[in-house]
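Undergrad: This is the structure I want to talk about, given as structure tokens.
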Amino acid sequence: MASVLFKNARIMTMNEEGKVIEGDVLIVDDRIAHVGAEIDEAADEIIDAEGKIMLPGFVQTHIHLCQTLFRGRADDLELLDWLKERIWPLEAAHDDDSVYYSAMLGIGELIRSGTTTILDMETVRHTASAFRAMEESGIRALSGKVMMDHGRDLPPGLLESTERSLQESVDLLEAWHGRANGRLQYAFCPRFVVSCTEELLIGVRDLSKRYQVKVHTHASENRGEIALVEEERGMRNVVYLDHIGLATPDLILAHCVWLSEEEKEIIRDRGVKVTHCPGSNLKLASGIAEIPDLLRKRIGVGIGSDGAPCNNTLDMFSEMRMTALIQKTKHGPTAMNARTVLRMATMGGAEVLGLEEEIGSIESGKKADLMLLDLDEFHAYPSYETDPYSRIVYSAGCGDVDTVMIDGRFVMRNKQLLTIDKNTVLKEADRSIKRLLKRIV
Ligand code: GUN
Ligand code: FE
């Protein structure tokens, strides 16, 4: 048994009552054993966290690690052009090596900025490489290969047969689901209705039920996408997903910017979950999702930064700030306050992933996924009787994360990554993208 005792931290528990405690946290192996004002137990290591804020690790519920290598190569486009002109040809040119370094680059950025759990959508091929990066880096992840058996304007290499898409997904699930002490899980990831036949979506519905795993897709992100779905399937996007029986508590929809009242009711009544991606929605000119209304309807909403080429960062601090600010001009200054947003970024995300008993708060019995923030900086002062939620959501930044632990293992200390060699990953990222660009057909 290995134990770590954090002393004298300011602990933002993010528990049901929203308690903030000045005190200690004992970690034994991969779990939080005890949280209290003063813990006097022996531990293998004692860490003086005086002056630091302890937070549960951020949970991001929509990421594409396979796209990190494409950062800065698809700016200033709308969704469908962004996919057809840039992202699909780039994804089609991936190989095992480039997917691995794309994932490592993304995970390095995520851990560096306090994200400990992700829901990730990979590309059509080479997904085992991404799982390998997730296993080695220590991040907690639900991930799956993207599924695409339908659609126009696809480069060779992305379009797959229905049968192969389902079989490869099952093969990956059997290889990776539950690996690394349960830290890795599989999720079925049909890309969006536009790129999936009904047969594929129904296959996903049945397999997800059989294996008890999540289904993750994009829905109602862009008005052009919705028009395409209506044209082909004769229904609005979420109405269609419900029509074929995919709308269940295990379905997690990214975006949901343009929902009808009927679609919001389906999401609420079926227990479907939503991921809000404000940075991506602004940059791709998709629109502003009605998050205050979804929360009022008690729909589960998490936050995600989406892929690097539509944001262009994977930084949860930036995403939290946007989540709060973009609602205010339309719905007033109190529409999304700092505390609501920080809850979405932690417990809210855990609930979306069905991991609310395991992560999302600093409580005894939960997995030890946490960070220490050092806010002794100009931009976060004064500290005297300042609301900590306000400091974290409105003032803090990714550079303030000092230490990160996932599953009881330190993955960053004193701002140094411990599981990822930064210099190697940066160098290999440049080498990989250079070679990948030469493979584009
Ligand atoms: N819709 C279908 N594929 C994608 C993708 O890769 N990113 C985003 N933002 N939306 C999508
Ligand atoms: Fe996405």
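How things are named: the first chain in the structure tokens is A, the next is B, and so on; residues count from 1 in each chain; ligands count from 1 in the order shown.
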Step by step, measure atom-to-atom distances between ligand 2 and each residue using only C-alpha atoms and all ligand atoms, keep those at most 8 Å, then write them as a ChimeraX atom specification.
TA: /A:62-64,121,218,254,306-307
Undergrad: Please provide as an MDAnalysis selection string all residues within 8 Å of range 40-51 of chain A, with the sequence filter that same-chain residues fewer than 5 positions apart are discarded (counting only C-alpha atoms).
TA: chainID A and resid 2:10 26 372 374
Undergrad: For the residues selected in the previous step, produce a file with all heavy atoms as a tab-separated table (two decimals), in the first residue's frame.
TA:
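Once everything was written out, this is out_15.tsv:
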```tsv
chain	number	residue	atom	x	y	z
A	2	ALA	N	0.50	2.19	-0.83
A	2	ALA	CA	1.24	3.46	-0.88
A	2	ALA	C	0.31	4.56	-0.41
A	2	ALA	O	-0.88	4.57	-0.75
A	2	ALA	CB	1.69	3.73	-2.31
A	3	SER	N	0.84	5.47	0.40
A	3	SER	CA	-0.02	6.54	0.90
A	3	SER	C	0.65	7.90	0.77
A	3	SER	O	1.88	8.02	0.86
A	3	SER	CB	-0.40	6.27	2.35
A	3	SER	OG	0.78	6.10	3.12
A	4	VAL	N	-0.19	8.91	0.55
A	4	VAL	CA	0.28	10.29	0.45
A	4	VAL	C	-0.65	11.14	1.31
A	4	VAL	O	-1.88	11.01	1.21
A	4	VAL	CB	0.22	10.80	-1.01
A	4	VAL	CG1	0.65	12.27	-1.08
A	4	VAL	CG2	1.08	9.95	-1.94
A	5	LEU	N	-0.07	12.01	2.14
A	5	LEU	CA	-0.89	12.90	2.96
A	5	LEU	C	-0.64	14.35	2.54
A	5	LEU	O	0.49	14.84	2.62
A	5	LEU	CB	-0.53	12.70	4.44
A	5	LEU	CG	-1.29	13.56	5.45
A	5	LEU	CD1	-2.79	13.34	5.38
A	5	LEU	CD2	-0.79	13.26	6.88
A	6	PHE	N	-1.68	14.99	2.03
A	6	PHE	CA	-1.61	16.42	1.70
A	6	PHE	C	-2.02	17.19	2.96
A	6	PHE	O	-3.10	16.96	3.51
A	6	PHE	CB	-2.58	16.77	0.56
A	6	PHE	CG	-2.20	16.19	-0.77
A	6	PHE	CD1	-2.74	14.98	-1.19
A	6	PHE	CD2	-1.35	16.87	-1.64
A	6	PHE	CE1	-2.43	14.44	-2.43
A	6	PHE	CE2	-1.02	16.34	-2.88
A	6	PHE	CZ	-1.55	15.13	-3.29
A	7	LYS	N	-1.17	18.14	3.39
A	7	LYS	CA	-1.46	18.90	4.61
A	7	LYS	C	-1.80	20.35	4.27
A	7	LYS	O	-1.22	20.96	3.38
A	7	LYS	CB	-0.22	18.92	5.53
A	7	LYS	CG	0.21	17.58	6.09
A	7	LYS	CD	-0.72	17.02	7.15
A	7	LYS	CE	-0.73	17.79	8.46
A	7	LYS	NZ	-1.72	17.18	9.41
A	8	ASN	N	-2.76	20.89	5.01
A	8	ASN	CA	-3.06	22.33	5.03
A	8	ASN	C	-3.48	22.92	3.68
A	8	ASN	O	-3.12	24.05	3.36
A	8	ASN	CB	-1.84	23.12	5.54
A	8	ASN	CG	-1.36	22.60	6.87
A	8	ASN	OD1	-2.18	22.39	7.77
A	8	ASN	ND2	-0.07	22.34	6.98
A	9	ALA	N	-4.23	22.17	2.92
A	9	ALA	CA	-4.71	22.71	1.64
A	9	ALA	C	-6.04	23.41	1.85
A	9	ALA	O	-6.74	23.18	2.84
A	9	ALA	CB	-4.89	21.58	0.63
A	10	ARG	N	-6.38	24.26	0.91
A	10	ARG	CA	-7.76	24.77	0.87
A	10	ARG	C	-8.50	23.85	-0.10
A	10	ARG	O	-8.23	23.88	-1.31
A	10	ARG	CB	-7.76	26.21	0.39
A	10	ARG	CG	-9.14	26.78	0.36
A	10	ARG	CD	-9.08	28.29	0.25
A	10	ARG	NE	-10.17	28.86	0.98
A	10	ARG	CZ	-10.65	30.07	0.74
A	10	ARG	NH1	-10.08	30.84	-0.16
A	10	ARG	NH2	-11.67	30.53	1.42
A	26	LEU	N	-5.88	12.39	2.86
A	26	LEU	CA	-5.03	11.20	2.84
A	26	LEU	C	-5.40	10.33	1.64
A	26	LEU	O	-6.57	9.99	1.45
A	26	LEU	CB	-5.22	10.39	4.14
A	26	LEU	CG	-4.43	9.08	4.22
A	26	LEU	CD1	-2.92	9.34	4.32
A	26	LEU	CD2	-4.92	8.23	5.40
A	372	LEU	N	-3.49	20.49	-7.43
A	372	LEU	CA	-3.20	21.62	-6.55
A	372	LEU	C	-2.97	22.83	-7.42
A	372	LEU	O	-2.21	22.77	-8.40
A	372	LEU	CB	-1.94	21.37	-5.71
A	372	LEU	CG	-2.01	20.27	-4.66
A	372	LEU	CD1	-0.64	20.13	-3.96
A	372	LEU	CD2	-3.09	20.57	-3.61
A	374	ASP	N	-1.71	26.80	-7.55
A	374	ASP	CA	-0.94	27.84	-6.85
A	374	ASP	C	-1.40	29.18	-7.40
A	374	ASP	O	-1.02	29.56	-8.51
A	374	ASP	CB	0.56	27.61	-7.12
A	374	ASP	CG	1.42	28.65	-6.43
A	374	ASP	OD1	0.85	29.56	-5.79
A	374	ASP	OD2	2.65	28.55	-6.54
```
Undergrad: Given a cut-off of 9 Å, what residues near ligand 1 show up using only C-alpha atoms and all ligand atoms, put as a VMD selection string?
TA: chain A and resid 63 to 64 67 79 to 80 82 to 83 87 to 88 121 to 123 146 191 to 195 217 to 219 221 to 222 225 254 to 255 277 280 to 281 284 306 to 307 309 to 310
Undergrad: Could the residues in this selection be saved with N, CA and C atoms as a short mmCIF file (atom, residue, chain, number, x, y, z; two decimals), in the first residue's frame?
TA:
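Produced file part.cif, reproduced below:
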```cif
data_model
loop_
_atom_site.label_atom_id
_atom_site.label_comp_id
_atom_site.auth_asym_id
_atom_site.auth_seq_id
_atom_site.Cartn_x
_atom_site.Cartn_y
_atom_site.Cartn_z
N ILE A 63 -13.47 15.42 -26.52
CA ILE A 63 -12.10 15.69 -26.97
C ILE A 63 -11.83 14.81 -28.19
N HIS A 64 -10.98 15.32 -29.10
CA HIS A 64 -10.47 14.44 -30.18
C HIS A 64 -8.95 14.47 -30.10
N GLN A 67 -6.83 14.75 -33.27
CA GLN A 67 -6.78 16.01 -34.03
C GLN A 67 -5.75 17.01 -33.47
N LEU A 79 -18.31 24.37 -39.87
CA LEU A 79 -18.16 22.93 -39.62
C LEU A 79 -17.99 22.07 -40.87
N LEU A 80 -18.93 22.11 -41.82
CA LEU A 80 -18.89 21.13 -42.91
C LEU A 80 -17.69 21.36 -43.82
N TRP A 82 -14.90 22.82 -42.79
CA TRP A 82 -13.78 22.48 -41.89
C TRP A 82 -13.50 20.97 -41.96
N LEU A 83 -14.57 20.16 -41.95
CA LEU A 83 -14.40 18.71 -42.03
C LEU A 83 -13.91 18.29 -43.41
N ILE A 87 -10.14 18.57 -42.08
CA ILE A 87 -10.00 17.54 -41.03
C ILE A 87 -10.07 16.12 -41.58
N TRP A 88 -11.00 15.86 -42.50
CA TRP A 88 -11.08 14.49 -43.01
C TRP A 88 -9.84 14.09 -43.81
N MET A 121 -12.90 11.01 -28.79
CA MET A 121 -13.32 10.36 -30.04
C MET A 121 -12.11 10.33 -30.97
N GLU A 122 -11.72 9.13 -31.36
CA GLU A 122 -10.53 8.99 -32.22
C GLU A 122 -10.93 9.04 -33.69
N THR A 123 -10.02 8.63 -34.59
CA THR A 123 -10.36 8.60 -36.00
C THR A 123 -10.74 7.16 -36.38
N VAL A 146 -13.73 6.43 -34.22
CA VAL A 146 -14.89 7.06 -34.84
C VAL A 146 -15.44 6.09 -35.88
N ARG A 191 -19.69 9.00 -35.77
CA ARG A 191 -19.23 10.39 -35.85
C ARG A 191 -20.37 11.40 -35.70
N PHE A 192 -21.34 11.34 -36.59
CA PHE A 192 -22.61 12.07 -36.50
C PHE A 192 -23.54 11.44 -37.52
N VAL A 193 -24.82 11.77 -37.44
CA VAL A 193 -25.78 11.07 -38.29
C VAL A 193 -25.38 11.18 -39.75
N VAL A 194 -24.85 12.33 -40.14
CA VAL A 194 -24.45 12.58 -41.53
C VAL A 194 -23.48 11.51 -42.04
N SER A 195 -22.66 10.93 -41.20
CA SER A 195 -21.67 9.96 -41.70
C SER A 195 -21.97 8.53 -41.26
N THR A 217 -21.57 10.80 -29.69
CA THR A 217 -21.67 11.31 -31.06
C THR A 217 -21.84 12.82 -31.05
N HIS A 218 -21.68 13.45 -32.21
CA HIS A 218 -21.97 14.88 -32.35
C HIS A 218 -23.43 15.04 -32.78
N ALA A 219 -24.11 16.03 -32.24
CA ALA A 219 -25.50 16.24 -32.68
C ALA A 219 -25.90 17.70 -32.59
N GLU A 221 -25.03 20.50 -34.02
CA GLU A 221 -23.94 21.46 -33.79
C GLU A 221 -24.11 22.66 -34.72
N ASN A 222 -24.55 22.36 -35.97
CA ASN A 222 -24.49 23.37 -37.03
C ASN A 222 -25.77 23.26 -37.86
N GLU A 225 -25.60 20.96 -40.91
CA GLU A 225 -25.64 19.54 -40.51
C GLU A 225 -27.09 19.11 -40.24
N ALA A 254 -22.40 15.60 -28.15
CA ALA A 254 -21.58 16.82 -28.15
C ALA A 254 -22.33 17.93 -28.89
N HIS A 255 -22.29 19.11 -28.30
CA HIS A 255 -22.77 20.37 -28.88
C HIS A 255 -24.22 20.72 -28.56
N CYS A 277 -19.47 22.77 -25.72
CA CYS A 277 -18.13 23.07 -26.24
C CYS A 277 -18.08 24.52 -26.70
N SER A 280 -15.24 25.75 -29.32
CA SER A 280 -15.47 25.20 -30.65
C SER A 280 -16.70 25.83 -31.29
N ASN A 281 -17.76 25.99 -30.52
CA ASN A 281 -18.99 26.56 -31.07
C ASN A 281 -18.81 28.00 -31.53
N LEU A 284 -16.07 27.82 -34.79
CA LEU A 284 -16.65 27.30 -36.03
C LEU A 284 -17.95 28.05 -36.39
N ASP A 306 -13.33 19.96 -27.26
CA ASP A 306 -13.41 19.45 -28.63
C ASP A 306 -11.99 19.20 -29.15
N GLY A 307 -11.73 19.31 -30.43
CA GLY A 307 -10.39 19.03 -30.95
C GLY A 307 -9.56 20.31 -31.03
N PRO A 309 -7.96 21.65 -33.51
CA PRO A 309 -8.12 22.54 -34.67
C PRO A 309 -9.43 23.32 -34.71
N CYS A 310 -10.29 23.20 -33.71
CA CYS A 310 -11.51 24.04 -33.70
C CYS A 310 -11.62 24.84 -32.42
#
```
Undergrad: I need the alpha helix (DSSP H) residues of range 36-103 of chain A per DSSP on the backbone, written as a list in words.
TA: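 Listing alpha helix (DSSP H) positions across range 36-103 of chain A yields Leu79, Leu80, Asp81, Trp88, Pro89, Leu90, Glu91, Ala92, Asp96, Asp97, Ser98, Val99, Tyr100, Tyr101, Ser102 and Ala103 of chain A.
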Undergrad: Export N, CA and C atoms of the chosen residues as a PDB file, in the first residue's frame?
TA:
```pdb
ATOM      1  N   LEU A  79     -18.312  24.372 -39.873  1.00  0.00           N
ATOM      2  CA  LEU A  79     -18.161  22.929 -39.622  1.00  0.00           C
ATOM      3  C   LEU A  79     -17.988  22.066 -40.870  1.00  0.00           C
ATOM      4  N   LEU A  80     -18.934  22.110 -41.817  1.00  0.00           N
ATOM      5  CA  LEU A  80     -18.887  21.131 -42.911  1.00  0.00           C
ATOM      6  C   LEU A  80     -17.690  21.364 -43.822  1.00  0.00           C
ATOM      7  N   ASP A  81     -17.324  22.629 -44.064  1.00  0.00           N
ATOM      8  CA  ASP A  81     -16.110  22.915 -44.854  1.00  0.00           C
ATOM      9  C   ASP A  81     -14.859  22.525 -44.070  1.00  0.00           C
ATOM     10  N   TRP A  88     -10.996  15.861 -42.497  1.00  0.00           N
ATOM     11  CA  TRP A  88     -11.084  14.491 -43.012  1.00  0.00           C
ATOM     12  C   TRP A  88      -9.839  14.088 -43.809  1.00  0.00           C
ATOM     13  N   PRO A  89      -9.347  14.924 -44.726  1.00  0.00           N
ATOM     14  CA  PRO A  89      -8.095  14.534 -45.398  1.00  0.00           C
ATOM     15  C   PRO A  89      -6.927  14.346 -44.415  1.00  0.00           C
ATOM     16  N   LEU A  90      -6.864  15.179 -43.384  1.00  0.00           N
ATOM     17  CA  LEU A  90      -5.788  15.040 -42.391  1.00  0.00           C
ATOM     18  C   LEU A  90      -5.948  13.737 -41.604  1.00  0.00           C
ATOM     19  N   GLU A  91      -7.171  13.471 -41.143  1.00  0.00           N
ATOM     20  CA  GLU A  91      -7.392  12.217 -40.387  1.00  0.00           C
ATOM     21  C   GLU A  91      -7.086  10.991 -41.247  1.00  0.00           C
ATOM     22  N   ALA A  92      -7.447  11.063 -42.542  1.00  0.00           N
ATOM     23  CA  ALA A  92      -7.228   9.910 -43.427  1.00  0.00           C
ATOM     24  C   ALA A  92      -5.735   9.616 -43.599  1.00  0.00           C
ATOM     25  N   ASP A  96      -0.072   4.881 -37.334  1.00  0.00           N
ATOM     26  CA  ASP A  96       0.026   4.556 -35.901  1.00  0.00           C
ATOM     27  C   ASP A  96       0.879   5.577 -35.148  1.00  0.00           C
ATOM     28  N   ASP A  97       1.980   5.959 -35.769  1.00  0.00           N
ATOM     29  CA  ASP A  97       2.930   6.874 -35.141  1.00  0.00           C
ATOM     30  C   ASP A  97       2.308   8.264 -34.934  1.00  0.00           C
ATOM     31  N   SER A  98       1.631   8.782 -35.958  1.00  0.00           N
ATOM     32  CA  SER A  98       1.083  10.137 -35.843  1.00  0.00           C
ATOM     33  C   SER A  98      -0.096  10.172 -34.857  1.00  0.00           C
ATOM     34  N   VAL A  99      -0.899   9.111 -34.802  1.00  0.00           N
ATOM     35  CA  VAL A  99      -1.996   9.079 -33.822  1.00  0.00           C
ATOM     36  C   VAL A  99      -1.415   9.060 -32.406  1.00  0.00           C
ATOM     37  N   TYR A 100      -0.341   8.319 -32.220  1.00  0.00           N
ATOM     38  CA  TYR A 100       0.283   8.230 -30.897  1.00  0.00           C
ATOM     39  C   TYR A 100       0.789   9.608 -30.438  1.00  0.00           C
ATOM     40  N   TYR A 101       1.525  10.303 -31.312  1.00  0.00           N
ATOM     41  CA  TYR A 101       2.071  11.606 -30.885  1.00  0.00           C
ATOM     42  C   TYR A 101       1.004  12.686 -30.822  1.00  0.00           C
ATOM     43  N   SER A 102      -0.031  12.575 -31.650  1.00  0.00           N
ATOM     44  CA  SER A 102      -1.164  13.495 -31.550  1.00  0.00           C
ATOM     45  C   SER A 102      -1.810  13.340 -30.171  1.00  0.00           C
ATOM     46  N   ALA A 103      -1.983  12.088 -29.747  1.00  0.00           N
ATOM     47  CA  ALA A 103      -2.586  11.823 -28.434  1.00  0.00           C
ATOM     48  C   ALA A 103      -1.677  12.316 -27.314  1.00  0.00           C
TER      49      ALA A 103
END
```
Undergrad: I want to know what sits within 8 Å of Lys214 in chain A, based on only C-alpha atoms, with residues of the same chain fewer than 2 positions away left out; could you give that as a list in words?
TA: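 Final neighbour list, sorted by chain and number: Tyr186, Ala187, Phe188, Ser208, Gln212, His216, Asp250, Leu251, Ile252 and Leu353 of chain A.
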Undergrad: Could you turn the residues from that selection into a file that holds C-alpha atoms, as a short mmCIF file (atom, residue, chain, number, x, y, z; two decimals), in the first residue's frame?
TA:
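To be explicit, this is the file written out as out-v2.cif:
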```cif
data_model
loop_
_atom_site.label_atom_id
_atom_site.label_comp_id
_atom_site.auth_asym_id
_atom_site.auth_seq_id
_atom_site.Cartn_x
_atom_site.Cartn_y
_atom_site.Cartn_z
CA TYR A 186 -14.38 1.96 -24.40
CA ALA A 187 -17.17 4.11 -25.89
CA PHE A 188 -18.87 3.62 -29.26
CA SER A 208 -23.75 -0.70 -26.37
CA GLN A 212 -22.96 -1.80 -21.17
CA HIS A 216 -20.78 9.28 -27.97
CA ASP A 250 -25.85 6.05 -22.02
CA LEU A 251 -25.92 8.48 -24.97
CA ILE A 252 -23.64 11.53 -24.73
CA LEU A 353 -19.83 9.82 -17.92
#
```
Undergrad: Which residues come within 8 Å of Glu199 in chain A, counting only C-alpha atoms, excluding same-chain residues fewer than 3 positions away, as a list in words?
TA: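 Near Glu199 in chain A, the qualifying residues are Thr162, Ile202 and Gly203 of chain A.
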Undergrad: Would you please work out which residue, of A:Gly271, A:Gly138, A:Gly279, A:Pro292, is nearest to Gly182 in chain A when using only C-alpha atoms?
TA: A:Gly138
Undergrad: Could you pull the residues within 10 Å of Ala324 in chain A, counting only C-alpha atoms, minus those fewer than 4 positions along the same chain, as an mmCIF file with N, CA and C atoms, in the first residue's frame?
TA:
```cif
data_model
loop_
_atom_site.group_PDB
_atom_site.id
_atom_site.type_symbol
_atom_site.label_atom_id
_atom_site.label_comp_id
_atom_site.auth_asym_id
_atom_site.auth_seq_id
_atom_site.Cartn_x
_atom_site.Cartn_y
_atom_site.Cartn_z
ATOM 1 N N PRO A 278 -18.017 25.458 -25.759
ATOM 2 C CA PRO A 278 -18.167 26.863 -26.147
ATOM 3 C C PRO A 278 -17.076 27.369 -27.082
ATOM 4 N N ILE A 291 -27.459 26.521 -22.679
ATOM 5 C CA ILE A 291 -27.089 25.736 -21.490
ATOM 6 C C ILE A 291 -27.918 26.095 -20.245
ATOM 7 N N PRO A 292 -28.185 27.379 -19.977
ATOM 8 C CA PRO A 292 -29.010 27.655 -18.785
ATOM 9 C C PRO A 292 -30.356 26.941 -18.845
ATOM 10 N N GLU A 319 -12.197 27.186 -21.293
ATOM 11 C CA GLU A 319 -13.556 26.690 -21.578
ATOM 12 C C GLU A 319 -14.543 27.120 -20.486
ATOM 13 N N MET A 320 -14.088 27.094 -19.228
ATOM 14 C CA MET A 320 -14.975 27.507 -18.123
ATOM 15 C C MET A 320 -15.326 28.982 -18.248
ATOM 16 N N LYS A 328 -24.108 35.615 -20.876
ATOM 17 C CA LYS A 328 -24.518 36.791 -20.116
ATOM 18 C C LYS A 328 -25.191 37.872 -20.968
ATOM 19 N N PRO A 333 -26.461 38.701 -16.357
ATOM 20 C CA PRO A 333 -25.177 38.411 -15.714
ATOM 21 C C PRO A 333 -25.186 37.209 -14.783
ATOM 22 N N THR A 334 -26.368 36.806 -14.295
ATOM 23 C CA THR A 334 -26.381 35.671 -13.352
ATOM 24 C C THR A 334 -26.724 34.347 -14.049
ATOM 25 N N ALA A 335 -26.860 34.362 -15.375
ATOM 26 C CA ALA A 335 -27.300 33.154 -16.096
ATOM 27 C C ALA A 335 -26.390 31.960 -15.811
ATOM 28 N N MET A 336 -25.093 32.197 -15.779
ATOM 29 C CA MET A 336 -24.142 31.114 -15.468
ATOM 30 C C MET A 336 -23.107 31.694 -14.522
ATOM 31 N N ASN A 337 -23.196 31.358 -13.237
ATOM 32 C CA ASN A 337 -22.197 31.903 -12.314
ATOM 33 C C ASN A 337 -21.009 30.954 -12.165
ATOM 34 N N ALA A 338 -19.982 31.441 -11.483
ATOM 35 C CA ALA A 338 -18.719 30.694 -11.399
ATOM 36 C C ALA A 338 -18.911 29.336 -10.732
ATOM 37 N N ARG A 339 -19.755 29.287 -9.704
ATOM 38 C CA ARG A 339 -19.926 28.024 -8.985
ATOM 39 C C ARG A 339 -20.617 26.973 -9.857
ATOM 40 N N THR A 340 -21.616 27.409 -10.611
ATOM 41 C CA THR A 340 -22.309 26.488 -11.526
ATOM 42 C C THR A 340 -21.323 25.937 -12.551
ATOM 43 N N VAL A 341 -20.475 26.809 -13.067
ATOM 44 C CA VAL A 341 -19.532 26.397 -14.111
ATOM 45 C C VAL A 341 -18.485 25.444 -13.547
ATOM 46 N N LEU A 342 -17.963 25.724 -12.349
ATOM 47 C CA LEU A 342 -16.946 24.830 -11.785
ATOM 48 C C LEU A 342 -17.559 23.457 -11.474
ATOM 49 N N VAL A 393 -12.624 30.412 -11.740
ATOM 50 C CA VAL A 393 -13.292 30.463 -13.052
ATOM 51 C C VAL A 393 -12.978 31.750 -13.810
ATOM 52 N N TYR A 394 -12.915 32.874 -13.101
ATOM 53 C CA TYR A 394 -12.759 34.147 -13.814
ATOM 54 C C TYR A 394 -11.319 34.659 -13.876
#
```
Undergrad: In Å to one decimal, how far is CA of Val401 in chain A from CA of Met371 in chain A?
TA: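 Here the two named atoms are 7.0 Å from each other.
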Undergrad: Rounded to one decimal in Å, what is the spacing between CA of Met347 in chain A and CA of Arg132 in chain A?
TA: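 Rounded to one decimal, the two atoms are 26.7 Å apart.
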Undergrad: Return the single residue from A:Arg73, A:Arg140, A:His34, A:Arg152 that is closest to His177 in chain A, with distances computed using only C-alpha atoms.
TA: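 Result for the nearest residue to His177 in chain A: A:Arg140.
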Undergrad: Please, what distance in Å, to one decimal, runs between CA of Gly36 in chain A and CA of Gly57 in chain A?
TA: 19.0 Å
Undergrad: Show me, as a list in words, the residues that have an atom within 7 Å of Ile32 in chain A when counting only C-alpha atoms, minus same-chain residues fewer than 6 positions from it.
TA: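 Residues near the query, excluding close chain neighbours: Leu26, Glu363, Ser364, Gly365, Lys366, Lys367 and Ala368 of chain A.
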Undergrad: Please, could you write that set of residues out with C-alpha atoms as a PDB file, in the first residue's frame?
TA:
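So out-v1.pdb came out as:
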```pdb
ATOM      1  CA  LEU A  26      -5.027  11.197   2.837  1.00  0.00           C
ATOM      2  CA  GLU A 363     -14.579  12.822  -0.932  1.00  0.00           C
ATOM      3  CA  SER A 364     -13.376   9.739   0.879  1.00  0.00           C
ATOM      4  CA  GLY A 365     -13.836   6.542  -1.106  1.00  0.00           C
ATOM      5  CA  LYS A 366     -13.450   8.243  -4.468  1.00  0.00           C
ATOM      6  CA  LYS A 367     -10.572   7.807  -6.893  1.00  0.00           C
ATOM      7  CA  ALA A 368      -7.613  10.092  -6.153  1.00  0.00           C
TER       8      ALA A 368
END
```
Undergrad: Please return as JSON, numbers by chain: the residues of range 316-415 of chain A that backbone DSSP assigns to strand (DSSP E or B).
TA: {"A": [367, 370, 371, 372, 373, 401, 402, 403, 404, 405, 406, 409, 410, 411, 412, 413]}
Undergrad: Skip Asp402 in chain A itself and residues of its chain fewer than 3 positions away, then list as a list of chain:residue names all residues within 12 Å of it, counting only C-alpha atoms.
TA: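 Listing them by chain and then by number gives A:Ala49, A:Gly51, A:Lys52, A:Ile53, A:Met54, A:Leu55, A:Ile111, A:Arg112, A:Ser113, A:Gly114, A:Leu370, A:Met371, A:Leu372, A:Leu373, A:Asp374, A:Leu375, A:Asp376, A:Gly397, A:Cys398, A:Gly399, A:Met405, A:Phe410, A:Val411, A:Met412, A:Arg413, A:Asn414, A:Lys415, A:Gln416, A:Leu417.
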Undergrad: Would you mind telling me which residue in A:Ile11, A:Met148, A:Ala93, A:Val352 lies nearest to Lys438 in chain A when using only C-alpha atoms?
TA: A:Ala93
